[in-house]
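A.B. asks: The structure file query_3.cif (mmCIF, C-alpha atoms) is provided below.
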data_input
loop_
_atom_site.group_PDB
_atom_site.id
_atom_site.type_symbol
_atom_site.label_atom_id
_atom_site.label_comp_id
_atom_site.auth_asym_id
_atom_site.auth_seq_id
_atom_site.Cartn_x
_atom_site.Cartn_y
_atom_site.Cartn_z
ATOM 1 C CA MET A 1 133.524 58.110 -0.939
ATOM 2 C CA LYS A 2 135.137 61.549 -0.907
ATOM 3 C CA ASN A 3 138.073 60.201 -2.893
ATOM 4 C CA PHE A 4 135.687 58.701 -5.420
ATOM 5 C CA VAL A 5 133.855 62.015 -5.870
ATOM 6 C CA PHE A 6 137.187 63.822 -6.174
ATOM 7 C CA ILE A 7 138.323 61.400 -8.887
ATOM 8 C CA ILE A 8 135.040 61.872 -10.808
ATOM 9 C CA VAL A 9 135.352 65.701 -10.668
ATOM 10 C CA VAL A 10 138.968 65.628 -11.820
ATOM 11 C CA PHE A 11 138.077 63.205 -14.592
ATOM 12 C CA ALA A 12 135.171 65.417 -15.764
ATOM 13 C CA ILE A 13 137.317 68.556 -15.813
ATOM 14 C CA GLY A 14 140.076 66.757 -17.659
ATOM 15 C CA THR A 15 137.672 65.343 -20.204
ATOM 16 C CA GLN A 16 136.131 68.758 -20.813
ATOM 17 C CA ALA A 17 139.554 70.353 -21.296
ATOM 18 C CA TRP A 18 140.611 67.558 -23.649
ATOM 19 C CA ALA A 19 137.397 67.892 -25.662
ATOM 20 C CA GLN A 20 137.834 71.659 -25.889
ATOM 21 C CA ASP A 21 141.409 71.200 -27.144
ATOM 22 C CA LEU A 22 140.155 68.694 -29.700
ATOM 23 C CA PHE A 23 137.465 71.096 -30.940
ATOM 24 C CA ASP A 24 140.066 73.864 -31.230
ATOM 25 C CA ILE A 25 142.313 71.598 -33.279
ATOM 26 C CA LEU A 26 139.450 70.564 -35.562
ATOM 27 C CA ASP A 27 138.398 74.185 -35.966
ATOM 28 C CA ASP A 28 141.946 75.162 -36.912
ATOM 29 C CA GLU A 29 142.206 72.344 -39.445
ATOM 30 C CA THR A 30 138.787 72.986 -40.998
ATOM 31 C CA PRO A 31 139.171 75.174 -44.111
ATOM 32 C CA GLN A 32 137.560 78.597 -43.714
ATOM 33 C CA THR A 33 136.086 79.333 -47.125
ATOM 34 C CA LYS A 34 134.621 82.481 -48.647
ATOM 35 C CA ASN A 35 131.655 81.958 -50.973
ATOM 36 C CA TYR A 36 130.995 84.678 -53.540
ATOM 37 C CA VAL A 37 127.390 85.434 -54.450
ATOM 38 C CA SER A 38 126.568 85.077 -58.155
ATOM 39 C CA SER A 39 123.674 86.103 -60.407
ATOM 40 C CA THR A 40 122.491 89.087 -58.386
ATOM 41 C CA PHE A 41 120.923 90.045 -61.722
ATOM 42 C CA LYS A 42 120.712 87.772 -64.732
ATOM 43 C CA GLY A 43 122.106 90.198 -67.301
ATOM 44 C CA THR A 44 124.391 93.196 -67.494
ATOM 45 C CA ARG A 45 121.336 95.498 -67.562
ATOM 46 C CA ILE A 46 118.565 95.816 -65.011
ATOM 47 C CA LEU A 47 116.435 97.345 -67.773
ATOM 48 C CA ASN A 48 117.699 100.650 -69.171
ATOM 49 C CA GLY A 49 120.620 100.996 -66.792
ATOM 50 C CA HIS A 50 123.568 98.777 -66.012
ATOM 51 C CA SER A 51 123.382 96.112 -63.329
ATOM 52 C CA ILE A 52 126.195 94.963 -61.042
ATOM 53 C CA GLU A 53 126.880 92.032 -63.383
ATOM 54 C CA ASN A 54 129.850 91.710 -65.760
ATOM 55 C CA ARG A 55 130.567 89.330 -68.578
ATOM 56 C CA LYS A 56 133.089 86.666 -67.567
ATOM 57 C CA LYS A 57 136.666 86.710 -68.837
ATOM 58 C CA GLY A 58 136.876 86.044 -72.554
ATOM 59 C CA THR A 59 133.126 86.481 -73.143
ATOM 60 C CA LEU A 60 132.021 88.748 -75.990
ATOM 61 C CA GLU A 61 128.383 89.788 -75.852
ATOM 62 C CA PHE A 62 126.462 91.299 -78.745
ATOM 63 C CA VAL A 63 123.539 93.403 -77.482
ATOM 64 C CA ILE A 64 120.635 94.747 -79.531
ATOM 65 C CA SER A 65 118.175 97.130 -77.865
ATOM 66 C CA HIS A 66 114.944 98.533 -79.294
ATOM 67 C CA ARG A 67 112.557 101.151 -77.969
ATOM 68 C CA PHE A 68 109.398 101.858 -79.922
ATOM 69 C CA GLY A 69 107.119 104.902 -79.904
ATOM 70 C CA ARG A 70 104.461 105.571 -77.271
ATOM 71 C CA VAL A 71 101.706 102.965 -77.083
ATOM 72 C CA ASN A 72 99.124 105.747 -76.679
ATOM 73 C CA LEU A 73 99.776 106.950 -80.250
ATOM 74 C CA GLY A 74 96.992 104.592 -81.245
ATOM 75 C CA ALA A 75 96.300 102.205 -84.087
ATOM 76 C CA ASP A 76 97.389 104.635 -86.816
ATOM 77 C CA GLU A 77 100.972 104.360 -85.530
ATOM 78 C CA LEU A 78 100.445 100.682 -84.637
ATOM 79 C CA TYR A 79 100.628 101.679 -80.965
ATOM 80 C CA GLY A 80 104.132 103.014 -81.369
ATOM 81 C CA LEU A 81 105.585 100.130 -83.391
ATOM 82 C CA ASP A 82 105.874 102.322 -86.505
ATOM 83 C CA GLN A 83 108.535 104.301 -84.660
ATOM 84 C CA SER A 84 111.774 102.775 -83.487
ATOM 85 C CA ASN A 85 114.988 103.718 -81.724
ATOM 86 C CA ILE A 86 117.770 101.131 -81.828
ATOM 87 C CA ARG A 87 121.123 100.627 -80.165
ATOM 88 C CA PHE A 88 123.585 97.837 -80.807
ATOM 89 C CA ALA A 89 126.744 97.178 -78.836
ATOM 90 C CA PHE A 90 129.660 94.847 -78.270
ATOM 91 C CA GLU A 91 130.687 94.164 -74.674
ATOM 92 C CA TYR A 92 133.709 92.136 -73.614
ATOM 93 C CA GLY A 93 134.938 90.656 -70.351
ATOM 94 C CA LEU A 94 138.585 91.672 -70.176
ATOM 95 C CA ASN A 95 138.736 89.601 -67.004
ATOM 96 C CA ASP A 96 136.149 88.563 -64.429
ATOM 97 C CA ASN A 97 136.234 92.032 -62.845
ATOM 98 C CA ILE A 98 136.527 94.413 -65.811
ATOM 99 C CA MET A 99 134.104 94.747 -68.722
ATOM 100 C CA LEU A 100 134.497 97.082 -71.694
ATOM 101 C CA GLY A 101 131.872 98.054 -74.259
ATOM 102 C CA VAL A 102 131.150 100.195 -77.314
ATOM 103 C CA GLY A 103 127.781 101.008 -78.843
ATOM 104 C CA ARG A 104 125.904 103.085 -81.358
ATOM 105 C CA SER A 105 122.375 104.514 -81.000
ATOM 106 C CA SER A 106 120.121 105.744 -83.774
ATOM 107 C CA PHE A 107 118.908 108.491 -81.425
ATOM 108 C CA GLU A 108 121.039 111.544 -82.240
ATOM 109 C CA LYS A 109 123.428 109.117 -84.000
ATOM 110 C CA THR A 110 125.287 108.700 -80.721
ATOM 111 C CA TYR A 111 128.407 106.599 -80.206
ATOM 112 C CA ASP A 112 129.309 105.502 -76.690
ATOM 113 C CA GLY A 113 132.003 103.582 -74.891
ATOM 114 C CA PHE A 114 132.125 102.396 -71.290
ATOM 115 C CA PHE A 115 133.966 100.382 -68.691
ATOM 116 C CA LYS A 116 132.638 98.613 -65.610
ATOM 117 C CA TYR A 117 134.943 97.539 -62.809
ATOM 118 C CA LYS A 118 133.876 95.183 -60.038
ATOM 119 C CA VAL A 119 135.473 96.546 -56.853
ATOM 120 C CA ILE A 120 133.863 94.417 -54.130
ATOM 121 C CA LYS A 121 131.931 91.159 -54.394
ATOM 122 C CA GLN A 122 129.144 90.129 -52.045
ATOM 123 C CA SER A 123 130.230 87.051 -50.112
ATOM 124 C CA SER A 124 129.378 84.734 -47.257
ATOM 125 C CA GLY A 125 131.604 82.635 -45.001
ATOM 126 C CA LYS A 126 135.015 83.813 -43.851
ATOM 127 C CA LYS A 127 135.345 87.622 -43.979
ATOM 128 C CA SER A 128 131.945 87.942 -45.628
ATOM 129 C CA PHE A 129 130.733 91.198 -47.170
ATOM 130 C CA PRO A 130 127.002 92.085 -47.353
ATOM 131 C CA PHE A 131 126.849 93.730 -50.790
ATOM 132 C CA ALA A 132 128.695 94.193 -54.090
ATOM 133 C CA VAL A 133 130.164 97.410 -55.485
ATOM 134 C CA SER A 134 131.146 98.260 -59.045
ATOM 135 C CA LEU A 135 132.326 101.440 -60.741
ATOM 136 C CA PHE A 136 130.929 102.470 -64.121
ATOM 137 C CA GLY A 137 132.148 105.171 -66.470
ATOM 138 C CA SER A 138 131.090 106.095 -69.993
ATOM 139 C CA VAL A 139 131.607 108.718 -72.665
ATOM 140 C CA ALA A 140 129.075 109.501 -75.403
ATOM 141 C CA TYR A 141 129.590 111.383 -78.654
ATOM 142 C CA LYS A 142 126.575 112.996 -80.341
ATOM 143 C CA SER A 143 127.308 112.915 -84.078
ATOM 144 C CA ILE A 144 123.988 114.112 -85.533
ATOM 145 C CA ASP A 145 124.175 117.274 -87.672
ATOM 146 C CA ASP A 146 121.276 119.177 -86.121
ATOM 147 C CA PHE A 147 122.998 122.555 -85.902
ATOM 148 C CA GLU A 148 122.358 125.724 -87.853
ATOM 149 C CA PRO A 149 124.759 126.597 -90.718
ATOM 150 C CA GLY A 150 127.853 128.325 -89.413
ATOM 151 C CA ASN A 151 127.187 127.166 -85.858
ATOM 152 C CA GLU A 152 128.768 123.721 -85.922
ATOM 153 C CA PRO A 153 129.666 122.458 -82.432
ATOM 154 C CA SER A 154 133.216 121.386 -81.716
ATOM 155 C CA THR A 155 134.145 117.784 -80.892
ATOM 156 C CA SER A 156 134.371 118.720 -77.222
ATOM 157 C CA GLU A 157 130.882 120.228 -77.259
ATOM 158 C CA ARG A 158 129.459 116.942 -78.551
ATOM 159 C CA LEU A 159 130.775 114.901 -75.603
ATOM 160 C CA PHE A 160 128.918 113.690 -72.491
ATOM 161 C CA TYR A 161 130.327 111.799 -69.515
ATOM 162 C CA THR A 162 128.673 109.505 -66.974
ATOM 163 C CA SER A 163 130.057 108.135 -63.711
ATOM 164 C CA GLN A 164 128.168 105.688 -61.498
ATOM 165 C CA VAL A 165 128.666 103.628 -58.371
ATOM 166 C CA LEU A 166 126.649 100.393 -58.554
ATOM 167 C CA ILE A 167 125.784 99.028 -55.107
ATOM 168 C CA ALA A 168 123.783 95.801 -55.023
ATOM 169 C CA ARG A 169 122.751 93.055 -52.651
ATOM 170 C CA LYS A 170 121.224 89.658 -53.320
ATOM 171 C CA PHE A 171 118.997 89.149 -50.280
ATOM 172 C CA SER A 172 117.882 85.669 -51.330
ATOM 173 C CA PRO A 173 117.965 83.471 -54.454
ATOM 174 C CA GLY A 174 114.801 85.223 -55.604
ATOM 175 C CA PHE A 175 115.255 88.857 -54.577
ATOM 176 C CA SER A 176 117.932 91.463 -55.391
ATOM 177 C CA LEU A 177 118.185 95.244 -55.070
ATOM 178 C CA GLN A 178 120.577 97.860 -56.458
ATOM 179 C CA ILE A 179 121.121 101.554 -55.784
ATOM 180 C CA THR A 180 123.067 103.633 -58.298
ATOM 181 C CA PRO A 181 124.373 107.121 -57.428
ATOM 182 C CA THR A 182 125.015 108.882 -60.752
ATOM 183 C CA TYR A 183 126.914 111.927 -62.011
ATOM 184 C CA ILE A 184 126.526 113.167 -65.601
ATOM 185 C CA HIS A 185 128.571 115.967 -67.153
ATOM 186 C CA ARG A 186 127.640 117.807 -70.351
ATOM 187 C CA ASN A 187 130.348 119.822 -72.039
ATOM 188 C CA SER A 188 127.729 122.062 -73.624
ATOM 189 C CA VAL A 189 124.143 122.999 -72.775
ATOM 190 C CA LYS A 190 121.256 124.557 -74.721
ATOM 191 C CA ILE A 191 120.655 127.470 -72.388
ATOM 192 C CA GLU A 192 122.587 129.032 -69.509
ATOM 193 C CA GLU A 193 120.063 127.770 -66.972
ATOM 194 C CA ASP A 194 120.790 124.152 -67.875
ATOM 195 C CA PRO A 195 123.282 122.551 -65.476
ATOM 196 C CA ASN A 196 126.449 121.106 -66.945
ATOM 197 C CA ASP A 197 126.620 118.687 -64.018
ATOM 198 C CA ILE A 198 123.575 116.597 -63.188
ATOM 199 C CA PHE A 199 123.220 114.321 -60.189
ATOM 200 C CA ALA A 200 120.781 111.423 -60.002
ATOM 201 C CA VAL A 201 120.194 108.232 -58.081
ATOM 202 C CA GLY A 202 118.827 105.012 -59.502
ATOM 203 C CA PHE A 203 116.947 102.172 -57.826
ATOM 204 C CA GLY A 204 116.509 98.735 -59.347
ATOM 205 C CA GLY A 205 115.213 95.365 -58.252
ATOM 206 C CA ARG A 206 114.697 91.808 -59.419
ATOM 207 C CA ILE A 207 112.196 89.182 -58.281
ATOM 208 C CA LYS A 208 112.821 85.688 -59.554
ATOM 209 C CA LEU A 209 109.718 83.777 -60.670
ATOM 210 C CA SER A 210 111.360 80.608 -61.943
ATOM 211 C CA LYS A 211 114.792 79.296 -62.892
ATOM 212 C CA ARG A 212 114.792 81.286 -66.139
ATOM 213 C CA ILE A 213 112.239 84.088 -65.637
ATOM 214 C CA SER A 214 112.271 87.164 -63.400
ATOM 215 C CA ILE A 215 110.502 90.530 -63.228
ATOM 216 C CA ASN A 216 112.558 93.706 -62.865
ATOM 217 C CA GLY A 217 111.854 97.310 -61.966
ATOM 218 C CA GLU A 218 113.980 100.445 -62.289
ATOM 219 C CA TYR A 219 113.638 104.134 -61.393
ATOM 220 C CA TYR A 220 116.030 107.094 -61.667
ATOM 221 C CA TYR A 221 115.451 110.263 -59.674
ATOM 222 C CA THR A 222 117.182 113.367 -61.052
ATOM 223 C CA VAL A 223 118.227 115.867 -58.389
ATOM 224 C CA ASN A 224 118.815 118.914 -60.639
ATOM 225 C CA PRO A 225 117.104 118.367 -64.014
ATOM 226 C CA LEU A 226 117.540 120.314 -67.228
ATOM 227 C CA GLU A 227 115.583 123.572 -67.523
ATOM 228 C CA SER A 228 115.401 123.783 -71.328
ATOM 229 C CA ILE A 229 113.013 120.808 -71.592
ATOM 230 C CA ASP A 230 110.244 119.488 -69.348
ATOM 231 C CA THR A 231 111.875 116.282 -68.156
ATOM 232 C CA THR A 232 110.481 113.361 -66.177
ATOM 233 C CA ASN A 233 112.242 110.715 -64.104
ATOM 234 C CA SER A 234 112.976 107.477 -65.931
ATOM 235 C CA LEU A 235 110.761 104.541 -64.912
ATOM 236 C CA ALA A 236 110.754 101.013 -66.331
ATOM 237 C CA PHE A 237 109.301 97.578 -65.667
ATOM 238 C CA GLY A 238 110.215 94.410 -67.477
ATOM 239 C CA ILE A 239 110.651 90.660 -67.688
ATOM 240 C CA ASP A 240 113.935 88.756 -68.004
ATOM 241 C CA ILE A 241 113.825 85.499 -69.938
ATOM 242 C CA GLU A 242 116.993 83.405 -70.005
ATOM 243 C CA THR A 243 117.285 80.969 -72.890
ATOM 244 C CA GLY A 244 120.710 79.474 -72.377
ATOM 245 C CA GLY A 245 122.969 81.457 -74.701
ATOM 246 C CA HIS A 246 121.254 84.795 -74.195
ATOM 247 C CA VAL A 247 118.978 86.866 -71.959
ATOM 248 C CA PHE A 248 115.872 88.423 -73.503
ATOM 249 C CA GLN A 249 114.303 91.412 -71.738
ATOM 250 C CA ILE A 250 110.842 92.784 -72.531
ATOM 251 C CA ILE A 251 110.500 96.358 -71.265
ATOM 252 C CA LEU A 252 107.836 98.996 -70.655
ATOM 253 C CA SER A 253 109.380 102.413 -70.000
ATOM 254 C CA ASN A 254 108.724 106.144 -70.321
ATOM 255 C CA SER A 255 112.239 106.477 -71.813
ATOM 256 C CA ILE A 256 112.855 105.951 -75.509
ATOM 257 C CA THR A 257 116.643 106.192 -75.264
ATOM 258 C CA MET A 258 119.162 103.663 -73.986
ATOM 259 C CA ILE A 259 122.325 105.404 -72.810
ATOM 260 C CA GLU A 260 122.717 107.071 -69.441
ATOM 261 C CA LYS A 261 123.033 110.713 -70.490
ATOM 262 C CA SER A 262 119.772 110.367 -72.445
ATOM 263 C CA PHE A 263 117.321 108.243 -70.477
ATOM 264 C CA ILE A 264 118.334 109.682 -67.089
ATOM 265 C CA THR A 265 118.385 113.378 -68.034
ATOM 266 C CA GLU A 266 116.308 113.751 -71.225
ATOM 267 C CA SER A 267 113.175 111.611 -70.749
ATOM 268 C CA THR A 268 110.039 113.728 -71.257
ATOM 269 C CA ASP A 269 107.188 111.197 -71.203
ATOM 270 C CA ASP A 270 104.877 110.438 -68.268
ATOM 271 C CA PHE A 271 104.509 106.708 -67.654
ATOM 272 C CA PHE A 272 101.221 107.100 -65.771
ATOM 273 C CA GLU A 273 99.713 109.264 -68.519
ATOM 274 C CA GLY A 274 100.137 106.439 -70.984
ATOM 275 C CA ASP A 275 103.436 107.620 -72.471
ATOM 276 C CA VAL A 276 104.829 104.112 -72.381
ATOM 277 C CA HIS A 277 107.412 102.730 -74.793
ATOM 278 C CA LEU A 278 107.531 99.018 -75.496
ATOM 279 C CA GLY A 279 111.080 97.783 -75.910
ATOM 280 C CA PHE A 280 113.444 94.881 -75.601
ATOM 281 C CA ASN A 281 117.083 94.027 -74.954
ATOM 282 C CA ILE A 282 118.469 90.859 -76.427
ATOM 283 C CA SER A 283 122.028 89.625 -76.002
ATOM 284 C CA ARG A 284 124.056 86.770 -77.359
ATOM 285 C CA ALA A 285 127.280 85.685 -75.654
ATOM 286 C CA PHE A 286 130.291 84.137 -77.392
ATOM 287 C CA GLN A 287 133.084 82.502 -75.402
ATOM 288 C CA PHE A 288 136.692 82.934 -76.504
ATOM 289 C CA GLY A 289 139.212 80.555 -74.996
ATOM 290 C CA LYS A 290 138.590 77.472 -72.875
ATOM 291 C CA ARG A 291 137.046 77.533 -69.445
ATOM 292 C CA LYS A 292 137.096 74.728 -66.945
ATOM 293 C CA GLU A 293 133.912 72.729 -66.602
ATOM 294 C CA LYS A 294 133.642 73.682 -62.956
ATOM 295 C CA LYS A 295 133.698 77.379 -63.770
ATOM 296 C CA ARG A 296 131.159 76.887 -66.549
ATOM 297 C CA LYS A 297 128.764 75.293 -64.071
ATOM 298 C CA GLU A 298 129.337 78.132 -61.620
ATOM 299 C CA ILE A 299 128.358 80.658 -64.296
ATOM 300 C CA GLU A 300 125.154 78.773 -65.023
ATOM 301 C CA LYS A 301 124.120 78.642 -61.361
ATOM 302 C CA SER A 302 121.305 81.051 -60.580
ATOM 303 C CA ASP A 303 121.342 80.768 -56.783
ATOM 304 C CA TYR A 304 123.972 81.179 -54.066
#
How does this structure look as structure tokens?

C.D. replies:
Amino acid sequence: MKNFVFIIVVFAIGTQAWAQDLFDILDDETPQTKNYVSSTFKGTRILNGHSIENRKKGTLEFVISHRFGRVNLGADELYGLDQSNIRFAFEYGLNDNIMLGVGRSSFEKTYDGFFKYKVIKQSSGKKSFPFAVSLFGSVAYKSIDDFEPGNEPSTSERLFYTSQVLIARKFSPGFSLQITPTYIHRNSVKIEEDPNDIFAVGFGGRIKLSKRISINGEYYYTVNPLESIDTTNSLAFGIDIETGGHVFQIILSNSITMIEKSFITESTDDFFEGDVHLGFNISRAFQFGKRKEKKRKEIEKSDY
């Protein structure tokens, strides 16, 4: 009997060791994959500001943005629709991590150029990372001739620079958040009390309602605002509508401008006093070069 028990114990231990070795072998042979999170936001803009998203390699996007006058101007101004500020831009995916863009705004006849570089991608699986990080930089040139005779600003005095770190996380297929530390430099200011260097932080979010529709919100808090004008923090709410080849955004914002140096540091309207501007962003993407069918399907996926 004792020998029988001894044999059973030895057999059990041996079986357990063999099973453990087998599991180790299977674990070693099983591919450890890293899955990158896509579509944290549906477009390259949350609303006014940039999102973590880039255009894919070889994709050229044409973007038209409108902001109308304040809705509280009343029927005589067709609730702001008689006034309009427009920006159009071309944005190109140099590769899947770098996007370049140029644009022109009717406000102050401003030209701007930017780059956005995806440094870290949110991922799950092997060596996962909980959020995505991108770097954004832009330069804007104010070309409007609004100076007094004999007091023409130099080229350098017309330039503005913006640097941002875009930090975003997709918490679920239907909910994403982004925080955007921002630094803006002005080569010239109106009065001595105005800071040349302005710091701000942006907050943006997206809630997905259906496969093609989401609601977005965005807010920028300015740490050291301009003193020459009575500024307010930029606030916006909107709806994203995806229609296959483009994303259409309908926006309500207290900012009438559409580049960083303007809407972050120069907004003067109070959203909760009715100083709301109706606006929209519409983009159309064109693909240059061939992409594999598998990658095309990955781009169209809206979930993890």

A.B. asks: Report the distance between CA of Ile207 in chain A and CA of Ile264 in chain A in Å, rounded to one decimal place.

C.D. replies: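 Spanning CA of Ile207 in chain A to CA of Ile264 in chain A is a straight-line distance of 23.1 Å.
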
A.B. asks: What is the distance between CA of Tyr183 in chain A and CA of Lys170 in chain A, in Å to one decimal?

C.D. replies: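 Taking CA of Tyr183 in chain A as the start and CA of Lys170 in chain A as the end point, the length is 24.6 Å.
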
A.B. asks: Go through A:Ser176, A:Asp240, A:Gly125, A:Phe107 one by one, measure the shortest atom-to-atom distance of each to Lys142 in chain A using all atoms listed in the file, and give the residue with the smallest value.

C.D. replies: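 Comparing A:Ser176, A:Asp240, A:Gly125, A:Phe107 against Lys142 in chain A, the winner is A:Phe107.
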
A.B. asks: For a test of reading the model, state the distance in Å between CA of Arg186 in chain A and CA of Ala89 in chain A, rounded to one decimal.

C.D. replies: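 Separation of CA of Arg186 in chain A and CA of Ala89 in chain A: 22.3 Å.
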
A.B. asks: Pick out the residues sitting within 12 Å of Glu273 in chain A, and hand them over as a PyMOL selection string; count all atoms listed in the file, and ignore anything fewer than 2 positions along from it in its own chain.

C.D. replies: chain A and resi 70-73+232+253-254+268-271+275-277

A.B. asks: When distances are computed from all atoms listed in the file, which of A:Leu60, A:Ile184, A:Ile241, A:Ile213 shows the smallest separation from Glu266 in chain A?

C.D. replies: A:Ile184

A.B. asks: Of the residues A:Gln164, A:Ser84, A:Ser228, A:Ser255, which is the one nearest to Ile179 in chain A, using only C-alpha atoms?

C.D. replies: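 Among the listed residues, the smallest separation from Ile179 in chain A belongs to A:Gln164.
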
A.B. asks: Extract, using all atoms listed in the file, all DNA, RNA and protein residues at most 9 Å from Ile98 in chain A, discarding same-chain residues fewer than 6 positions from it, and format them as a list in words.

C.D. replies: Asn54, Arg55, Lys56, Lys57, Tyr92, Phe115, Lys116, Tyr117 and Lys118 of chain A

A.B. asks: Calculated over only C-alpha atoms, which of the candidates A:Ala75, A:Ile191, A:Ile239, A:Ile256 has the smallest distance to Ser105 in chain A?

C.D. replies: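 Ranking A:Ala75, A:Ile191, A:Ile239, A:Ile256 by distance to Ser105 in chain A, first place goes to A:Ile256.
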
A.B. asks: Identify, on the basis of all atoms listed in the file, every residue whose closest approach to Phe199 in chain A does not exceed 8 Å; exclude the query and any residue fewer than 6 positions from it along the same chain; express the result as number ranges by chain.

C.D. replies: A: 181-184, 222-224

A.B. asks: Can you work out which one of A:Lys126, A:Lys190, A:Lys208, A:Arg158 has the shortest atom-to-atom distance to Phe41 in chain A, counting only C-alpha atoms?

C.D. replies: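 Closest candidate: A:Lys208.
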
A.B. asks: Can you work out which one of A:Glu260, A:Glu53, A:Asp112, A:Glu218 has the shortest atom-to-atom distance to Ser134 in chain A, counting only C-alpha atoms?

C.D. replies: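 Residue with the minimum atom-to-atom distance to Ser134 in chain A: A:Glu53.
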
A.B. asks: Could you list, as a PyMOL selection string, every residue matched by the PyMOL selection byres ((chain A and resi 258) around 12) in this structure?

C.D. replies: chain A and resi 45-50+63-68+85-89+103-108+110-112+140+234+236+251+253-257+259-267+277+279-281

A.B. asks: Can you list, as a short mmCIF file (atom, residue, chain, number, x, y, z; two decimals) with C-alpha atoms, in the frame of the given file, the residues that the PyMOL selection byres ((chain A and resi 175) around 12) selects here?

C.D. replies:
data_model
loop_
_atom_site.label_atom_id
_atom_site.label_comp_id
_atom_site.auth_asym_id
_atom_site.auth_seq_id
_atom_site.Cartn_x
_atom_site.Cartn_y
_atom_site.Cartn_z
CA SER A 39 123.67 86.10 -60.41
CA THR A 40 122.49 89.09 -58.39
CA PHE A 41 120.92 90.04 -61.72
CA LYS A 42 120.71 87.77 -64.73
CA ALA A 168 123.78 95.80 -55.02
CA ARG A 169 122.75 93.06 -52.65
CA LYS A 170 121.22 89.66 -53.32
CA PHE A 171 119.00 89.15 -50.28
CA SER A 172 117.88 85.67 -51.33
CA PRO A 173 117.96 83.47 -54.45
CA GLY A 174 114.80 85.22 -55.60
CA SER A 176 117.93 91.46 -55.39
CA LEU A 177 118.18 95.24 -55.07
CA GLN A 178 120.58 97.86 -56.46
CA GLY A 204 116.51 98.74 -59.35
CA GLY A 205 115.21 95.36 -58.25
CA ARG A 206 114.70 91.81 -59.42
CA ILE A 207 112.20 89.18 -58.28
CA LYS A 208 112.82 85.69 -59.55
CA LEU A 209 109.72 83.78 -60.67
CA SER A 210 111.36 80.61 -61.94
CA SER A 214 112.27 87.16 -63.40
CA ILE A 215 110.50 90.53 -63.23
CA ASN A 216 112.56 93.71 -62.86
CA GLY A 217 111.85 97.31 -61.97
CA SER A 302 121.30 81.05 -60.58
CA ASP A 303 121.34 80.77 -56.78
CA TYR A 304 123.97 81.18 -54.07
#

A.B. asks: With 10 Å as the threshold, what does the neighbourhood of (136.3, 82.8, -81.6) contain in terms of residues, counting all atoms listed in the file? Coordinates are those of the file; answer as a short mmCIF file (atom, residue, chain, number, x, y, z; two decimals) with C-alpha atoms, keeping the file's coordinate frame.

C.D. replies:
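The file below, selection_2.cif, is the result:
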data_model
loop_
_atom_site.label_atom_id
_atom_site.label_comp_id
_atom_site.auth_asym_id
_atom_site.auth_seq_id
_atom_site.Cartn_x
_atom_site.Cartn_y
_atom_site.Cartn_z
CA GLY A 58 136.88 86.04 -72.55
CA THR A 59 133.13 86.48 -73.14
CA LEU A 60 132.02 88.75 -75.99
CA PHE A 286 130.29 84.14 -77.39
CA GLN A 287 133.08 82.50 -75.40
CA PHE A 288 136.69 82.93 -76.50
CA GLY A 289 139.21 80.56 -75.00
#

A.B. asks: Quick check on the file I pasted: which residues fall under the PyMOL selection byres ((chain A and resi 120) around 7)? Write them as a list in words.

C.D. replies: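 Going through the file, the PyMOL selection byres ((chain A and resi 120) around 7) ends up selecting Lys118, Val119, Lys121, Gln122, Ala132, Val133 and Ser134 of chain A.
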
A.B. asks: Find the spatial neighbours of Glu157 in chain A, counting all atoms listed in the file, within a cut-off of 10 Å - ignore same-chain residues fewer than 2 positions away - and output them as an mmCIF file with C-alpha atoms, in the coordinates of the input.

C.D. replies:
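Here's the written file part_25.cif:
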data_model
loop_
_atom_site.group_PDB
_atom_site.id
_atom_site.type_symbol
_atom_site.label_atom_id
_atom_site.label_comp_id
_atom_site.auth_asym_id
_atom_site.auth_seq_id
_atom_site.Cartn_x
_atom_site.Cartn_y
_atom_site.Cartn_z
ATOM 1 C CA TYR A 141 129.590 111.383 -78.654
ATOM 2 C CA LYS A 142 126.575 112.996 -80.341
ATOM 3 C CA GLU A 152 128.768 123.721 -85.922
ATOM 4 C CA PRO A 153 129.666 122.458 -82.432
ATOM 5 C CA SER A 154 133.216 121.386 -81.716
ATOM 6 C CA THR A 155 134.145 117.784 -80.892
ATOM 7 C CA LEU A 159 130.775 114.901 -75.603
ATOM 8 C CA PHE A 160 128.918 113.690 -72.491
ATOM 9 C CA ARG A 186 127.640 117.807 -70.351
ATOM 10 C CA ASN A 187 130.348 119.822 -72.039
ATOM 11 C CA SER A 188 127.729 122.062 -73.624
ATOM 12 C CA VAL A 189 124.143 122.999 -72.775
#

A.B. asks: Produce the centre coordinates and the three edge lengths, each in Å to one decimal, of the box along x, y and z that contains all listed atoms of range 274-281 of chain A with 6 Å added on each side, as lines of an AutoDock Vina configuration file.

C.D. replies:
center_x = 108.6
center_y = 100.8
center_z = -73.4
size_x = 28.9
size_y = 25.6
size_z = 16.9

A.B. asks: Write out as a list in words the residues lying within 10 Å of Ser128 in chain A, counting all atoms listed in the file and excluding same-chain residues fewer than 3 positions away.

C.D. replies: Thr33, Lys34, Asn35, Tyr36, Lys121, Gln122, Ser123, Ser124, Gly125 and Phe131 of chain A
